[in-house]
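*Asks:* Okay, handing you the structure first.
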Amino acid sequence: MNISNKKKSLVLKIALFATGFSGIVAEYVLSTLASYFIGNAILQFTLIVSIMLFSMGLGSRISKSFSSNIVFYFVIAELLLSLLVSFSAIASYIIYGYTNNSWIIIYLLSIAIGLLIGLEIPFATRINNSYEELRLNISNILEKDYYGSLLGGLFFAFIGLPYLGLTYTPFVLGLVNLVVSFWLFYVLKSHISQKLQRVLWISYLSVFLVVLGGLIFAKPLVLFGEQAKYKDKIVFSEQTKYQKIVITKWSDWFSLYINGNQQLSTFDEYLYHEPMVHTALGLTASKKNILILGGGDGCIARELLQYDAIESITLVDLDKKMIDLGKSNPIFTSINKNALSNPKVTTITADAYTFLEQANDTYDVILVDLPDPNNVDLNKLYTKEFYTICYNHLAEGGTFITQSGSPYYATKAFYCIDKTLKTAGFHTLPIHNQVLTLGEWGWILAKKTPIYKEDLKTIDLENLQLKWLNKETLSSIASFGKPLADTTGVKINTIFEPTLYLYYKQGNWDLY
């Protein structure tokens, strides 16, 4: 069969388009995994993309060493790329399950994928040189690669991550790249010796079976890797657009993890939620309009619904899946007593910062129950700018409270939050409690008027169904010993000078 040069050139460009498509998504997959496993999304995305671009340059340099059989080596690079892209997530999850050095495999995969893409572009240009003049050749080859990258980015953002997740997205990309490269091999096989053609036929069949097997067993393999990381049995695991949600079970109790960090345990969640809710409500005369930022598990809403004076509760959480779990998952509905289905509760899926910027209402109590500020993304929700917005939306006489991490494990971070709230105009009162599964944990109470430890003694806990909190504990939760770190030079946290997440990272976590 005589295949025209025009068709050969077209197939070559389609192959480069597929390479750009799968290559950019592989970058995003690895960057997302790195941000989940290691933390600090901005740093990880920066490093992964930079490493991959450098590796592409290195691959281009290495391509000079190949002077013959270019089509064969191009196809081999495509085969290897299909394999690496397909198994990038599974390999990372399995390594993550058995070592704290999962960053090594992620960065190595970034280098390997970058090298292969860097090899392919010069190879394709040299092959296409026989079909197009230089002016068109360079332009068309790079154009298709860049167009593929654009489509890949859109695919990852709007289809891959939200619908396929990190488990299946790599395999879809690997298969797309494999199919297109096979078409390329079939069209250009006349440029490959019969002996090498047989090698490639066997290689394609082998790679296809391996990728297909990986696709079929992807979920149990990922679960196997994840399970090795958690001491208790995983009963729920889902990758959402924003985070990895895992629920584990031990005996009769369940634990919620987000991106590998424990958020609560049904064993003792009341040791966290009772002090947070009832101190804030007890210090507030008017309790009509309440705002919860975070708290998609519904436990804060459960505690709030004990107050008949409350007319409306607005709960804002970034992740709709977390809200859905709080509304319908039996694990959560049993502990939150179906609080999120109560007619007083309105749930909104939105970024807390954006929601408050656009809101017009004022609230009698604002409760901030967000994950720890362990990366730049979350850092903005603990900044002076954010607290100033909260101040403006807090009613006169109202109370603000935010979870503030551990004064024991992240001492500087805890006092940074306190100091930042003060610079936003608040008067503050730090409190803490020993949560058995989390350790010593703390919150910062804040009001527009001065607030004192003695005020806690005036809180009325009558007619409340409480498991732990009582008058005696109200007298002690605001008492602290000396900080475990020197906090005299702690800086405030702002959007333009994000210091909090660094304090958090540098905490006394070796004591945990």
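A note on labels: chains of the structure tokens are A, B, ... as shown, every chain counts residues from 1, and ligands are counted from 1 in their shown order.
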Just the residues within 10 Å of stretch 133-143 of chain A, please, counting only C-alpha atoms, with nothing from its chain fewer than 3 positions along; format it as a PyMOL selection string.
*Replies:* chain A and resi 9-10+12-17+20+121-122+124-130+146-149
*Asks:* Would you list the contacts of A:Glu472 as a count of residues only, taking every protein, DNA or RNA residue within 12 Å and counting only C-alpha atoms, but skipping same-chain residues closer than 5 positions in sequence?
*Replies:* 7
*Asks:* Show me, as a list in words, the residues that have an atom within 10 Å of A:Ser181 when counting only C-alpha atoms, minus same-chain residues fewer than 2 positions from it.
*Replies:*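 Using only C-alpha atoms, the neighbours found are Val11, Leu12, Ile14, Ala15, Leu16, Ala18, Thr19, Phe74, Val75, Ile76, Ala77, Glu78, Leu79, Ser82, Leu175, Val176, Asn177, Leu178, Val179, Trp183, Leu184, Phe185, Tyr186, Val187 and Tyr204 of chain A.
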*Asks:* Could you find all residues in stretch 365-411 of chain A that DSSP calls alpha helix (DSSP H) from the backbone, and write them as a VMD selection string?
*Replies:* chain A and resid 376 to 379 384 to 393 411
*Asks:* Generate the output file for the selected residues, C-alpha atoms, as a PDB file, in the first residue's frame.
*Replies:*
```
ATOM      1  CA  VAL A 376      -0.474  28.639  50.267  1.00  0.00           C
ATOM      2  CA  ASP A 377      -3.995  27.892  49.004  1.00  0.00           C
ATOM      3  CA  LEU A 378      -5.417  27.513  52.515  1.00  0.00           C
ATOM      4  CA  ASN A 379      -3.141  30.224  53.857  1.00  0.00           C
ATOM      5  CA  LYS A 384      -5.413  39.723  57.728  1.00  0.00           C
ATOM      6  CA  GLU A 385      -7.347  40.422  54.515  1.00  0.00           C
ATOM      7  CA  PHE A 386      -9.724  37.512  55.123  1.00  0.00           C
ATOM      8  CA  TYR A 387     -10.187  38.352  58.800  1.00  0.00           C
ATOM      9  CA  THR A 388     -10.948  41.963  57.878  1.00  0.00           C
ATOM     10  CA  ILE A 389     -13.742  40.747  55.590  1.00  0.00           C
ATOM     11  CA  CYS A 390     -15.044  38.549  58.422  1.00  0.00           C
ATOM     12  CA  TYR A 391     -14.907  41.542  60.778  1.00  0.00           C
ATOM     13  CA  ASN A 392     -17.037  43.578  58.372  1.00  0.00           C
ATOM     14  CA  HIS A 393     -19.631  40.792  58.149  1.00  0.00           C
ATOM     15  CA  THR A 411       2.990  26.840  68.371  1.00  0.00           C
TER      16      THR A 411
END
```
*Asks:* So that I can see what lies close to A:Trp253, please list as a PyMOL selection string the residues with an atom at most 10 Å from it, counting only C-alpha atoms and leaving out residues fewer than 3 positions away in the same chain.
*Replies:* chain A and resi 248-250+265-268+331
*Asks:* So that I can see what lies close to A:Glu226, please list as a list in words the residues with an atom at most 9 Å from it, counting only C-alpha atoms and leaving out residues fewer than 4 positions away in the same chain.
*Replies:*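 Once the adjacent positions are removed, what remains is Tyr93, Ile94, Tyr96, Gly97, Leu221, Val222, Tyr230 and Ile234 of chain A.
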*Asks:* Can you pull out every residue within 8 Å of stretch 164-172 of chain A, counting only C-alpha atoms, but drop anything in the same chain fewer than 2 positions away, and send it as a ChimeraX atom specification?
*Replies:* /A:25-26,29,85-90,156,159-162,174-176,211,214-215,218-219,222,239-241
*Asks:* Could you please write out, as a count of residues only, every residue of stretch 194-370 of chain A that DSSP assigns to strand (DSSP E or B)?
*Replies:* 49
*Asks:* Quick one: residues within 12 Å of A:Asp308, only C-alpha atoms, excluding same-chain residues fewer than 6 positions away - as a list in words?
*Replies:*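 My reading of the contact set: Leu281, Ser286, Lys287, Lys288, Asn289, Lys344, Asn463 and Leu464 of chain A.
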*Asks:* Given the choices A:Leu445, A:Ile111, A:Ile48, A:Ala395, which gets closest to A:Val277 if the distance is worked out from only C-alpha atoms?
*Replies:* A:Leu445
*Asks:* Just give me the gap between atom CA of A:Phe123 and atom CA of A:Leu30 in Å, one decimal is fine.
*Replies:*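 Computed distance, atom CA of A:Phe123 to atom CA of A:Leu30, equals 25.2 Å.
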*Asks:* Which one is closest to A:Ile313: A:Ile335, A:Ile95, A:Leu367, A:Leu119? Count only C-alpha atoms.
*Replies:* A:Leu367
